[in-house]
Structures are given as structure tokens and as C-alpha cells.
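Colleague: The following file, my_file_0.txt, comprises compact mmCIF, C-alpha atoms:
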```txt
# COMPACT_ATOMS: atom_id res chain seq x y z
CA MET F 40 -168.99 -110.28 -74.97
CA GLN F 41 -169.60 -113.38 -72.83
CA SER F 42 -173.08 -113.75 -74.28
CA LEU F 43 -171.64 -113.96 -77.80
CA ARG F 44 -169.16 -116.68 -76.84
CA SER F 45 -171.64 -118.70 -74.84
CA ARG F 46 -174.16 -118.81 -77.66
CA ARG F 47 -171.69 -120.02 -80.26
CA PRO F 48 -168.95 -122.10 -78.67
CA SER F 49 -167.51 -123.18 -82.00
CA HIS F 50 -166.40 -119.61 -82.74
CA THR F 51 -164.64 -118.68 -79.51
CA LYS F 52 -161.20 -117.93 -80.91
CA LEU F 53 -162.08 -114.27 -81.46
CA GLN F 54 -160.86 -112.41 -78.40
CA VAL F 55 -161.92 -108.92 -77.40
CA PRO F 56 -159.01 -107.18 -75.67
CA SER F 57 -160.11 -106.46 -72.11
CA PRO F 58 -159.22 -102.74 -72.05
CA ALA F 59 -161.43 -102.01 -75.07
CA ARG F 60 -164.72 -101.21 -73.37
CA GLY F 61 -163.25 -99.25 -70.53
CA ALA F 62 -160.99 -97.18 -72.74
CA LEU F 63 -163.46 -96.39 -75.51
CA PRO F 64 -164.80 -93.10 -74.14
CA GLY F 65 -161.44 -91.63 -73.23
CA SER F 66 -159.00 -92.36 -76.06
CA CYS F 67 -159.08 -88.95 -77.67
CA GLY F 68 -155.50 -88.36 -78.66
CA GLU F 69 -154.76 -91.03 -81.24
CA GLY F 70 -154.75 -90.38 -84.97
CA ALA F 71 -154.76 -92.68 -87.99
CA ARG F 72 -151.22 -94.07 -88.17
CA GLY F 73 -152.02 -97.33 -89.91
CA LEU F 74 -154.59 -100.03 -90.27
CA GLU F 75 -153.19 -102.34 -87.61
CA ILE F 76 -151.98 -99.70 -85.15
CA SER F 77 -154.58 -97.08 -84.41
CA PRO F 78 -158.10 -96.11 -85.42
CA SER F 79 -159.15 -93.14 -87.51
CA THR F 80 -161.70 -91.69 -85.08
CA PRO F 81 -160.88 -90.22 -81.67
CA THR F 82 -163.44 -92.30 -79.75
CA MET F 83 -161.89 -95.63 -80.75
CA ASN F 84 -158.69 -96.92 -79.14
CA SER F 85 -156.19 -99.32 -80.63
CA TYR F 86 -157.52 -102.37 -78.74
CA PHE F 87 -160.98 -101.87 -80.18
CA HIS F 88 -159.60 -101.24 -83.65
CA ARG F 89 -157.46 -104.38 -83.58
CA PHE F 90 -160.46 -106.43 -82.54
CA MET F 91 -162.47 -105.07 -85.49
CA VAL F 92 -159.58 -105.86 -87.85
CA ASN F 93 -159.43 -109.43 -86.53
CA LEU F 94 -163.21 -109.82 -86.78
CA LEU F 95 -163.21 -108.77 -90.43
CA LYS F 96 -160.28 -111.10 -91.10
CA ARG F 97 -162.29 -113.94 -89.61
CA PHE F 98 -165.30 -113.05 -91.76
CA SER F 99 -163.03 -112.94 -94.82
CA SER F 100 -161.51 -116.36 -94.15
CA GLU F 101 -164.75 -118.00 -92.97
CA ARG F 102 -167.46 -116.86 -95.36
CA LYS F 103 -169.90 -119.37 -93.89
CA LEU F 104 -169.58 -117.63 -90.53
CA LEU F 105 -170.36 -114.30 -92.18
CA GLU F 106 -173.34 -115.79 -93.98
CA THR F 107 -174.87 -117.61 -91.02
CA ARG F 108 -173.84 -115.60 -87.96
CA GLY F 109 -172.37 -112.35 -89.25
CA ALA F 110 -175.48 -110.21 -88.82
CA PHE F 111 -176.11 -111.59 -85.33
CA ILE F 112 -172.52 -110.93 -84.21
CA ILE F 113 -172.52 -107.34 -85.51
CA ARG F 114 -175.92 -106.57 -83.99
CA GLN F 115 -174.79 -107.90 -80.61
CA LEU F 116 -171.63 -105.81 -80.81
CA CYS F 117 -173.77 -102.74 -81.49
CA LEU F 118 -175.75 -103.50 -78.33
CA LEU F 119 -172.69 -104.14 -76.16
CA LEU F 120 -170.47 -101.37 -77.50
CA ASN F 121 -171.15 -98.23 -79.52
CA ALA F 122 -172.94 -98.72 -82.85
CA GLU F 123 -171.40 -95.61 -84.40
CA ASN F 124 -167.89 -96.80 -83.51
CA ILE F 125 -168.63 -100.28 -84.86
CA PHE F 126 -169.75 -98.99 -88.26
CA HIS F 127 -167.15 -96.22 -88.44
CA SER F 128 -164.34 -98.67 -87.68
CA MET F 129 -165.54 -101.35 -90.11
CA ALA F 130 -166.01 -98.80 -92.88
CA ASP F 131 -162.53 -97.42 -92.28
CA ILE F 132 -160.99 -100.91 -92.42
CA LEU F 133 -162.94 -101.96 -95.53
CA LEU F 134 -161.71 -98.84 -97.29
CA ARG F 135 -158.25 -100.47 -97.27
CA GLU F 136 -159.48 -103.99 -98.08
CA GLU F 137 -157.66 -105.50 -101.06
CA ASP F 138 -160.17 -108.32 -101.62
CA LEU F 139 -162.79 -106.29 -103.47
CA LYS F 140 -165.28 -109.17 -103.63
CA PHE F 141 -165.22 -109.55 -99.85
CA ALA F 142 -165.43 -105.77 -99.39
CA SER F 143 -168.54 -105.64 -101.57
CA THR F 144 -170.16 -108.56 -99.73
CA MET F 145 -169.34 -107.06 -96.34
CA VAL F 146 -170.73 -103.66 -97.30
CA GLN F 147 -173.97 -105.25 -98.46
CA ASN F 148 -174.27 -107.05 -95.13
CA LEU F 149 -173.52 -103.91 -93.12
CA ASN F 150 -175.99 -101.91 -95.19
CA SER F 151 -178.73 -104.47 -94.60
CA ILE F 152 -178.04 -104.40 -90.86
CA LEU F 153 -178.02 -100.60 -90.80
CA LEU F 154 -181.37 -100.35 -92.58
CA THR F 155 -183.30 -103.16 -90.91
CA SER F 156 -182.02 -103.82 -87.38
CA SER F 157 -183.85 -102.37 -84.39
CA GLU F 158 -180.49 -102.10 -82.60
CA LEU F 159 -179.45 -99.46 -85.15
CA PHE F 160 -182.47 -97.16 -84.73
CA GLN F 161 -180.46 -94.43 -83.00
CA LEU F 162 -177.71 -94.56 -85.60
CA ARG F 163 -180.27 -94.33 -88.41
CA SER F 164 -181.83 -91.30 -86.71
CA GLN F 165 -178.41 -89.69 -86.47
CA LEU F 166 -177.75 -90.24 -90.17
CA LYS F 167 -181.23 -89.29 -91.31
CA ASP F 168 -180.87 -85.54 -90.83
CA LEU F 169 -177.08 -84.96 -90.86
CA GLN F 170 -177.48 -82.04 -88.49
CA THR F 171 -174.10 -82.29 -86.74
CA PRO F 172 -170.49 -82.35 -87.96
CA GLU F 173 -170.15 -85.80 -86.36
CA SER F 174 -173.05 -87.24 -88.36
CA CYS F 175 -171.68 -85.73 -91.57
CA ASP F 176 -168.27 -87.24 -90.83
CA LEU F 177 -169.89 -90.63 -90.26
CA PHE F 178 -171.82 -90.33 -93.54
CA CYS F 179 -168.64 -89.55 -95.49
CA CYS F 180 -166.78 -92.44 -93.85
CA LEU F 181 -169.58 -94.92 -94.61
CA TYR F 182 -170.01 -93.55 -98.13
CA ARG F 183 -166.40 -94.20 -99.12
CA SER F 184 -166.64 -97.86 -98.17
CA TRP F 185 -170.24 -98.26 -99.35
CA CYS F 186 -168.92 -97.41 -102.83
CA HIS F 187 -167.90 -101.09 -103.05
CA SER F 188 -171.64 -101.71 -103.60
CA PRO F 189 -173.36 -99.19 -105.91
CA VAL F 190 -176.89 -99.99 -104.74
CA ALA F 191 -175.88 -99.83 -101.08
CA THR F 192 -174.44 -96.37 -101.78
CA VAL F 193 -177.77 -95.22 -103.20
CA SER F 194 -179.65 -96.63 -100.21
CA LEU F 195 -177.30 -94.72 -97.89
CA CYS F 196 -178.14 -91.54 -99.79
CA PHE F 197 -181.85 -92.32 -99.44
CA LEU F 198 -181.38 -92.85 -95.70
CA THR F 199 -179.58 -89.52 -95.32
CA GLN F 200 -182.04 -87.73 -97.66
CA ASN F 201 -179.31 -86.89 -100.16
CA TYR F 202 -181.68 -87.33 -103.08
CA ARG F 203 -179.85 -85.10 -105.53
CA HIS F 204 -176.65 -87.09 -105.05
CA ALA F 205 -178.57 -90.38 -105.26
CA TYR F 206 -179.92 -89.27 -108.65
CA HIS F 207 -176.40 -88.41 -109.85
CA LEU F 208 -175.15 -91.81 -108.68
CA ILE F 209 -177.91 -93.63 -110.55
CA GLN F 210 -176.93 -91.70 -113.68
CA LYS F 211 -173.48 -93.30 -113.33
CA PHE F 212 -175.01 -96.78 -113.27
CA GLY F 213 -175.22 -96.63 -117.05
CA ASP F 214 -171.43 -96.89 -117.13
CA LEU F 215 -171.30 -99.91 -114.81
CA GLU F 216 -171.44 -103.59 -115.70
CA VAL F 217 -175.02 -104.63 -114.96
CA THR F 218 -174.93 -108.16 -113.58
CA VAL F 219 -177.56 -110.45 -112.08
CA ASP F 220 -176.20 -109.66 -108.62
CA PHE F 221 -176.50 -105.95 -109.33
CA LEU F 222 -180.15 -106.28 -110.41
CA THR F 223 -180.84 -108.42 -107.35
CA GLU F 224 -179.54 -105.63 -105.12
CA VAL F 225 -181.77 -103.10 -106.92
CA ASP F 226 -184.70 -105.46 -106.37
CA LYS F 227 -183.92 -105.63 -102.63
CA LEU F 228 -183.71 -101.84 -102.43
CA VAL F 229 -187.15 -101.50 -104.01
CA GLN F 230 -188.51 -103.92 -101.40
CA LEU F 231 -186.88 -101.87 -98.64
CA ILE F 232 -188.47 -98.66 -99.92
CA GLU F 233 -191.83 -100.24 -99.09
CA CYS F 234 -190.74 -101.02 -95.51
CA PRO F 235 -191.39 -98.84 -92.43
CA ILE F 236 -187.78 -97.61 -92.39
CA PHE F 237 -188.50 -95.48 -95.47
CA THR F 238 -191.95 -94.20 -94.46
CA TYR F 239 -190.62 -90.62 -94.41
CA LEU F 240 -189.28 -91.07 -97.96
CA ARG F 241 -192.65 -92.22 -99.26
CA LEU F 242 -194.40 -89.29 -97.57
CA GLN F 243 -191.90 -86.89 -99.16
CA LEU F 244 -193.24 -88.00 -102.54
CA LEU F 245 -196.24 -85.82 -101.73
CA ASP F 246 -193.97 -82.76 -101.73
CA VAL F 247 -193.18 -82.91 -105.42
CA GLU F 248 -191.75 -79.42 -105.73
CA ASN F 249 -189.27 -79.75 -102.90
CA HIS F 250 -188.15 -83.30 -103.68
CA PRO F 251 -187.85 -83.56 -107.47
CA TYR F 252 -184.57 -85.47 -107.28
CA LEU F 253 -186.14 -88.14 -105.10
CA ILE F 254 -188.71 -88.79 -107.81
CA ARG F 255 -186.05 -88.74 -110.52
CA ALA F 256 -183.91 -91.17 -108.54
CA LEU F 257 -186.82 -93.58 -108.12
CA TYR F 258 -187.63 -93.36 -111.81
CA GLY F 259 -183.96 -94.06 -112.48
CA LEU F 260 -184.20 -97.25 -110.43
CA LEU F 261 -187.37 -98.15 -112.32
CA MET F 262 -185.58 -97.82 -115.67
CA LEU F 263 -182.79 -100.12 -114.45
CA LEU F 264 -185.17 -102.94 -113.57
CA PRO F 265 -186.43 -105.54 -116.02
CA GLN F 266 -190.16 -106.22 -116.19
CA SER F 267 -190.46 -107.95 -112.82
CA SER F 268 -192.42 -107.84 -109.58
CA ALA F 269 -190.05 -105.19 -108.25
CA PHE F 270 -190.66 -103.12 -111.38
CA GLN F 271 -194.42 -103.37 -110.88
CA LEU F 272 -194.10 -102.48 -107.20
CA LEU F 273 -192.06 -99.34 -107.80
CA SER F 274 -194.14 -98.38 -110.83
CA HIS F 275 -197.34 -98.54 -108.76
CA ARG F 276 -195.72 -96.43 -106.05
CA LEU F 277 -194.68 -93.75 -108.53
CA GLN F 278 -198.18 -93.68 -109.98
CA CYS F 279 -199.30 -92.40 -106.59
CA VAL F 280 -197.12 -89.31 -106.87
CA PRO F 281 -199.53 -86.35 -107.11
CA ASN F 282 -199.67 -83.81 -109.89
CA PRO F 283 -197.49 -80.85 -108.79
CA GLN F 284 -200.04 -78.43 -110.23
CA LEU F 285 -202.64 -79.74 -107.77
CA MET F 286 -200.25 -79.57 -104.82
CA ARG F 287 -199.02 -76.03 -105.38
CA SER F 288 -201.67 -74.32 -103.21
CA GLY F 289 -200.59 -70.84 -104.15
CA HIS F 290 -196.83 -71.34 -103.83
CA SER F 291 -194.73 -69.34 -106.23
CA GLU F 292 -193.51 -71.28 -109.25
CA SER F 293 -190.17 -69.54 -109.00
CA ALA F 294 -189.64 -70.41 -105.33
CA PRO F 295 -186.25 -72.08 -104.81
CA LEU F 296 -186.19 -75.77 -104.06
CA SER F 297 -185.23 -76.69 -100.53
CA SER F 298 -181.76 -78.17 -100.18
CA PRO F 299 -180.88 -81.20 -98.09
CA PRO F 300 -179.56 -80.32 -94.63
CA ALA F 301 -176.14 -81.71 -95.46
CA ASP F 302 -175.54 -79.05 -98.14
CA THR F 303 -174.53 -76.62 -95.40
CA GLU F 304 -172.20 -79.05 -93.60
CA GLY F 305 -169.27 -78.83 -96.03
CA ILE F 306 -169.64 -82.25 -97.68
CA ASP F 307 -167.87 -82.33 -101.04
CA TYR F 308 -170.34 -84.36 -103.11
CA MET F 309 -168.32 -84.04 -106.30
CA GLU F 310 -165.31 -85.59 -104.59
CA LEU F 311 -167.50 -88.41 -103.25
CA LEU F 312 -168.86 -89.04 -106.75
CA GLN F 313 -165.32 -89.24 -108.13
CA HIS F 314 -164.40 -91.68 -105.35
CA PHE F 315 -167.40 -93.83 -106.30
CA GLU F 316 -166.24 -93.97 -109.93
CA LYS F 317 -162.69 -94.85 -108.86
CA VAL F 318 -163.81 -97.74 -106.64
CA GLN F 319 -166.18 -99.13 -109.26
CA ASN F 320 -163.45 -98.99 -111.91
CA LYS F 321 -161.29 -101.15 -109.64
CA HIS F 322 -164.12 -103.66 -109.30
CA LEU F 323 -164.53 -103.75 -113.08
CA GLU F 324 -160.80 -104.38 -113.59
CA VAL F 325 -160.85 -107.25 -111.06
CA ARG F 326 -163.92 -108.86 -112.68
CA HIS F 327 -162.35 -108.66 -116.14
CA GLN F 328 -159.09 -110.09 -114.79
CA ARG F 329 -160.94 -113.01 -113.19
CA ALA F 330 -162.86 -113.63 -116.40
CA GLY F 331 -159.60 -113.63 -118.36
CA ASP F 332 -158.02 -116.08 -115.91
CA ILE F 333 -160.98 -118.45 -116.29
CA VAL F 334 -160.69 -118.34 -120.09
CA ASP F 335 -156.93 -118.98 -119.89
CA ARG F 336 -157.46 -122.00 -117.63
CA ARG F 337 -160.09 -123.45 -119.96
CA LEU F 338 -157.84 -122.95 -122.99
CA GLY F 339 -154.97 -124.61 -121.15
CA GLN F 340 -156.94 -127.76 -120.39
```
Can you turn what I pasted into C-alpha cells?

Modeller:
Amino acid sequence: MQSLRSRRPSHTKLQVPSPARGALPGSCGEGARGLEISPSTPTMNSYFHRFMVNLLKRFSSERKLLETRGAFIIRQLCLLLNAENIFHSMADILLREEDLKFASTMVQNLNSILLTSSELFQLRSQLKDLQTPESCDLFCCLYRSWCHSPVATVSLCFLTQNYRHAYHLIQKFGDLEVTVDFLTEVDKLVQLIECPIFTYLRLQLLDVENHPYLIRALYGLLMLLPQSSAFQLLSHRLQCVPNPQLMRSGHSESAPLSSPPADTEGIDYMELLQHFEKVQNKHLEVRHQRAGDIVDRRLGQ
């Protein structure tokens, strides 16, 4: 952590407890007894967890730090420590965050780092296939916090190839309050789909029969967008999707569609969808309450 402090002397008050790195691999017996006391995963000890809590508190109180140096700090932590523990711990803490606006902003930042940073390549590979119970547990932990940002939740489903669930999520977007910020996030996701990180997703568009929900999800995003450059970009991409009749090559029309790998790992997608709706309803209540407070203040002037 010395490199972090030496590069930014004005932010040296954050202290990493010295036992954290040495104790990370061996703290296997602690359970989740509270936000400030112990972590929720066996590979994180209480020193590490407390540091992550303090870091998020600093980001919450100093939004300029989050905006200007947040991504750099988190990326460096992922290099120095364990990226999976970093994201698992932050997601677990944000799940209990009462400031919903900060939680949404933080999730968007973490999602951007996850999808674009070279330091997170191994973690992305782990999430891409969901072939182990550990990767499925990480997906579920991230998902519950990512629900603070609907578009980030969809991008997480794209990353993990949960296209059916992504389509079901996008269907729920019709019940959400569509704001400028929301459309901006959809625009960013469309741009990301054209980046190297989602090369495998674009190639899967060739396999129309086995990935129908991917195509439906992308069309769902297209219908959400206004007539813009992002709309044109995604529309042109979908025009490249081949005719399934030409791609069949003798395959039986009644052949069952392949399921995502995670379907066999015991993930309760219906429960996750209900959690998404619950979190978004909280955000809607807070926005309406803020709007009402603004009106009351104006009337009182």
C-alpha cells in the first residue's frame, strides 16, 4: 500500500491494518456477524473488512476523491491484494448502504472497473463461465449490490452469459422511472458491447438458435434507446445477425436450446429478480421523497 500513499500524499489518512495481507489466506473460521465486525466470506478477515468499510466511507464523504482517484485506488488494491475479495467485500458492504444514491454511483464505478480494467482480467474470466460454486457465489453477491444500478445488473448478466435473465431484467425496465442518467448508462453499455471485452458475446450472435435470449435482450436495449448514435450502433450490429434458417445446417428444429452453465449451479434466478425489483422500488421511493422535499422548500420560500 506504500505506492498508493506515496502517489497521493493528500489522501494518506486511510490506513490499512498491518495484519490484513498476512492474514487474508488463513482466516477461514469467521462468519458474517455484522457490517463492522466481520466479513461475509471465509477468505476475508476482520482487518481487511474494516479497511474496506472505511474506504467506502471515505468515498461517500469525499465524492471528488471517488470521481478523480476512485478507479485508480480500487485497481491498485486489486493488484496488491485479491481482486475477488475486494469486489466481494465492497458488494457485501454496499448491500447494507443506506445512501442509495451513493450505492448506485459506487456500483456504476465498480462495474466500469470490472468490465474495462486489465487488472481484472482473471476475475472476468472467473465470472464468464460460472463453472465453480465459488464463481456462482461471487456472481450472486455482486448481483445483489449491482441491483442499485439496473444497467450495471444487465451488463453483469452479459458478462456471465446469463442472457435469459438479462432479457427478463430488461422486461422489468418498463416499470422503472426512465431518467436521463438511466439512458446514459444504456448508451455506455452499448458502447461497451462493441469493445474487445464482449467479443465472445458478438460472436455468439452467429449462433442464433442457441442464444435467442441474447438477441432478445439486445433488441430490448434497442427499444429503450431514443434515436441516437448508440441506437444506430446497436441497430447496425443487430442487422448483422444471420438468418437462423441459413445457419441451421441440418440441425433439428426441435433440438433443445442450450442452457447457460450457471443453470446447473443452483442459482435462484427468480429470487434474484425479486431482489432487483425490491431494490429499485426503494430507489423510486427515495427519488419521489427528494422531489417532494424540493417542492416543499420552493413553496415555503

Colleague: Which one is closest to Arg241 (chain F): F:Ala122, F:Leu277, F:Cys175, F:Leu104? Count all atoms listed in the file.

Modeller: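 Of F:Ala122, F:Leu277, F:Cys175, F:Leu104, the one nearest Arg241 (chain F) is F:Leu277, counting all atoms listed in the file.
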
Colleague: Just give me the residues with any atom within 12 Å of (-177.7, -87.2, -109.3), file coordinates, counting all atoms listed in the file, written as an mmCIF file with C-alpha atoms, keeping the file's coordinate frame.

Modeller:
```cif
data_model
loop_
_atom_site.group_PDB
_atom_site.id
_atom_site.type_symbol
_atom_site.label_atom_id
_atom_site.label_comp_id
_atom_site.auth_asym_id
_atom_site.auth_seq_id
_atom_site.Cartn_x
_atom_site.Cartn_y
_atom_site.Cartn_z
ATOM 1 C CA VAL F 193 -177.770 -95.220 -103.200
ATOM 2 C CA CYS F 196 -178.140 -91.540 -99.790
ATOM 3 C CA PHE F 197 -181.850 -92.320 -99.440
ATOM 4 C CA ASN F 201 -179.310 -86.890 -100.160
ATOM 5 C CA TYR F 202 -181.680 -87.330 -103.080
ATOM 6 C CA ARG F 203 -179.850 -85.100 -105.530
ATOM 7 C CA HIS F 204 -176.650 -87.090 -105.050
ATOM 8 C CA ALA F 205 -178.570 -90.380 -105.260
ATOM 9 C CA TYR F 206 -179.920 -89.270 -108.650
ATOM 10 C CA HIS F 207 -176.400 -88.410 -109.850
ATOM 11 C CA LEU F 208 -175.150 -91.810 -108.680
ATOM 12 C CA ILE F 209 -177.910 -93.630 -110.550
ATOM 13 C CA GLN F 210 -176.930 -91.700 -113.680
ATOM 14 C CA LYS F 211 -173.480 -93.300 -113.330
ATOM 15 C CA PHE F 212 -175.010 -96.780 -113.270
ATOM 16 C CA PRO F 251 -187.850 -83.560 -107.470
ATOM 17 C CA TYR F 252 -184.570 -85.470 -107.280
ATOM 18 C CA LEU F 253 -186.140 -88.140 -105.100
ATOM 19 C CA ILE F 254 -188.710 -88.790 -107.810
ATOM 20 C CA ARG F 255 -186.050 -88.740 -110.520
ATOM 21 C CA ALA F 256 -183.910 -91.170 -108.540
ATOM 22 C CA LEU F 257 -186.820 -93.580 -108.120
ATOM 23 C CA TYR F 258 -187.630 -93.360 -111.810
ATOM 24 C CA GLY F 259 -183.960 -94.060 -112.480
ATOM 25 C CA TYR F 308 -170.340 -84.360 -103.110
ATOM 26 C CA MET F 309 -168.320 -84.040 -106.300
ATOM 27 C CA LEU F 311 -167.500 -88.410 -103.250
ATOM 28 C CA LEU F 312 -168.860 -89.040 -106.750
#
```

Colleague: Quick one: distance from CA of Val225 (chain F) to CA of Met262 (chain F) in Å, one decimal?

Modeller: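 Going from CA of Val225 (chain F) over to CA of Met262 (chain F) covers 10.9 Å.
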
Colleague: So which residues fall inside 10 Å of (-165.4, -100.7, -107.2) if we count all atoms listed in the file? Mind giving them as a PyMOL selection string?

Modeller: chain F and resi 139-140+142-143+184-189+215+314-326

Colleague: So which one's closest to Asp226 (chain F), F:Ser99, F:Thr192, F:Gln200, F:Gln271? Using only C-alpha atoms, please.

Modeller: F:Gln271

Colleague: Do you have the CA of Leu273 (chain F)-CA of Phe221 (chain F) distance handy?

Modeller: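 Answer for the CA of Leu273 (chain F) to CA of Phe221 (chain F) separation: 17.0 Å.
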
Colleague: Mind giving me the straight-line distance from CA of Asp246 (chain F) to CA of Ile232 (chain F) in Å, one decimal?

Modeller: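 CA of Asp246 (chain F) sits 16.9 Å away from CA of Ile232 (chain F).
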
Colleague: With distances taken over only C-alpha atoms, which of F:Leu169, F:Ala269, F:Met91, F:Cys234 is nearest to Ile113 (chain F)?

Modeller: F:Met91

Colleague: So, with only C-alpha atoms as the atoms that count, which of F:Gln165, F:Phe87, F:Leu177, F:Tyr182 lies closest to Leu133 (chain F)?

Modeller: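 Once distances to Leu133 (chain F) are computed over only C-alpha atoms, the minimum belongs to F:Tyr182.
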
Colleague: Find the residue from F:Phe111, F:Phe237, F:Phe160, F:Phe90 that sits nearest to Ser194 (chain F); use only C-alpha atoms when measuring.

Modeller: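 For Ser194 (chain F), the nearest of the given residues is F:Phe237.
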
Colleague: Which one of F:Thr199, F:Leu263, F:Leu116, F:Ile236 sits closest to Leu222 (chain F) if you count all atoms listed in the file?

Modeller: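 Distance minimum relative to Leu222 (chain F) lands on F:Leu263.
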
Colleague: Please output region 197-216 of chain F, rebuilt to include N, CA and C atoms, as a JSON list (two decimals), in the coordinates of the input.

Modeller:
```json
[["chain", "number", "residue", "atom", "x", "y", "z"],
["F", 197, "PHE", "N", -180.42, -92.39, -99.77],
["F", 197, "PHE", "CA", -181.85, -92.32, -99.44],
["F", 197, "PHE", "C", -182.04, -92.17, -97.93],
["F", 198, "LEU", "N", -181.27, -92.93, -97.16],
["F", 198, "LEU", "CA", -181.38, -92.85, -95.70],
["F", 198, "LEU", "C", -181.05, -91.46, -95.20],
["F", 199, "THR", "N", -180.03, -90.84, -95.78],
["F", 199, "THR", "CA", -179.58, -89.52, -95.32],
["F", 199, "THR", "C", -180.28, -88.38, -96.07],
["F", 200, "GLN", "N", -181.25, -88.70, -96.91],
["F", 200, "GLN", "CA", -182.04, -87.73, -97.66],
["F", 200, "GLN", "C", -181.20, -86.91, -98.64],
["F", 201, "ASN", "N", -180.12, -87.52, -99.13],
["F", 201, "ASN", "CA", -179.31, -86.89, -100.16],
["F", 201, "ASN", "C", -179.83, -87.33, -101.53],
["F", 202, "TYR", "N", -181.00, -86.85, -101.88],
["F", 202, "TYR", "CA", -181.68, -87.33, -103.08],
["F", 202, "TYR", "C", -181.02, -86.83, -104.36],
["F", 203, "ARG", "N", -180.53, -85.62, -104.33],
["F", 203, "ARG", "CA", -179.85, -85.10, -105.53],
["F", 203, "ARG", "C", -178.63, -85.96, -105.86],
["F", 204, "HIS", "N", -177.85, -86.27, -104.82],
["F", 204, "HIS", "CA", -176.65, -87.09, -105.05],
["F", 204, "HIS", "C", -177.03, -88.51, -105.45],
["F", 205, "ALA", "N", -178.11, -89.04, -104.87],
["F", 205, "ALA", "CA", -178.57, -90.38, -105.26],
["F", 205, "ALA", "C", -178.91, -90.40, -106.75],
["F", 206, "TYR", "N", -179.57, -89.36, -107.22],
["F", 206, "TYR", "CA", -179.92, -89.27, -108.65],
["F", 206, "TYR", "C", -178.65, -89.25, -109.50],
["F", 207, "HIS", "N", -177.64, -88.48, -109.09],
["F", 207, "HIS", "CA", -176.40, -88.41, -109.85],
["F", 207, "HIS", "C", -175.68, -89.76, -109.85],
["F", 208, "LEU", "N", -175.75, -90.48, -108.73],
["F", 208, "LEU", "CA", -175.15, -91.81, -108.68],
["F", 208, "LEU", "C", -175.83, -92.76, -109.66],
["F", 209, "ILE", "N", -177.16, -92.73, -109.67],
["F", 209, "ILE", "CA", -177.91, -93.63, -110.55],
["F", 209, "ILE", "C", -177.60, -93.32, -112.01],
["F", 210, "GLN", "N", -177.34, -92.05, -112.33],
["F", 210, "GLN", "CA", -176.93, -91.70, -113.68],
["F", 210, "GLN", "C", -175.63, -92.41, -114.07],
["F", 211, "LYS", "N", -174.76, -92.63, -113.08],
["F", 211, "LYS", "CA", -173.48, -93.30, -113.33],
["F", 211, "LYS", "C", -173.65, -94.81, -113.54],
["F", 212, "PHE", "N", -174.79, -95.35, -113.13],
["F", 212, "PHE", "CA", -175.01, -96.78, -113.27],
["F", 212, "PHE", "C", -174.99, -97.22, -114.72],
["F", 213, "GLY", "N", -175.26, -96.29, -115.64],
["F", 213, "GLY", "CA", -175.22, -96.63, -117.05],
["F", 213, "GLY", "C", -173.83, -97.01, -117.53],
["F", 214, "ASP", "N", -172.81, -96.59, -116.77],
["F", 214, "ASP", "CA", -171.43, -96.89, -117.13],
["F", 214, "ASP", "C", -170.92, -98.16, -116.45],
["F", 215, "LEU", "N", -171.73, -98.73, -115.55],
["F", 215, "LEU", "CA", -171.30, -99.91, -114.81],
["F", 215, "LEU", "C", -171.70, -101.19, -115.55],
["F", 216, "GLU", "N", -171.08, -102.28, -115.16],
["F", 216, "GLU", "CA", -171.44, -103.59, -115.70],
["F", 216, "GLU", "C", -172.66, -104.11, -114.92]]
```
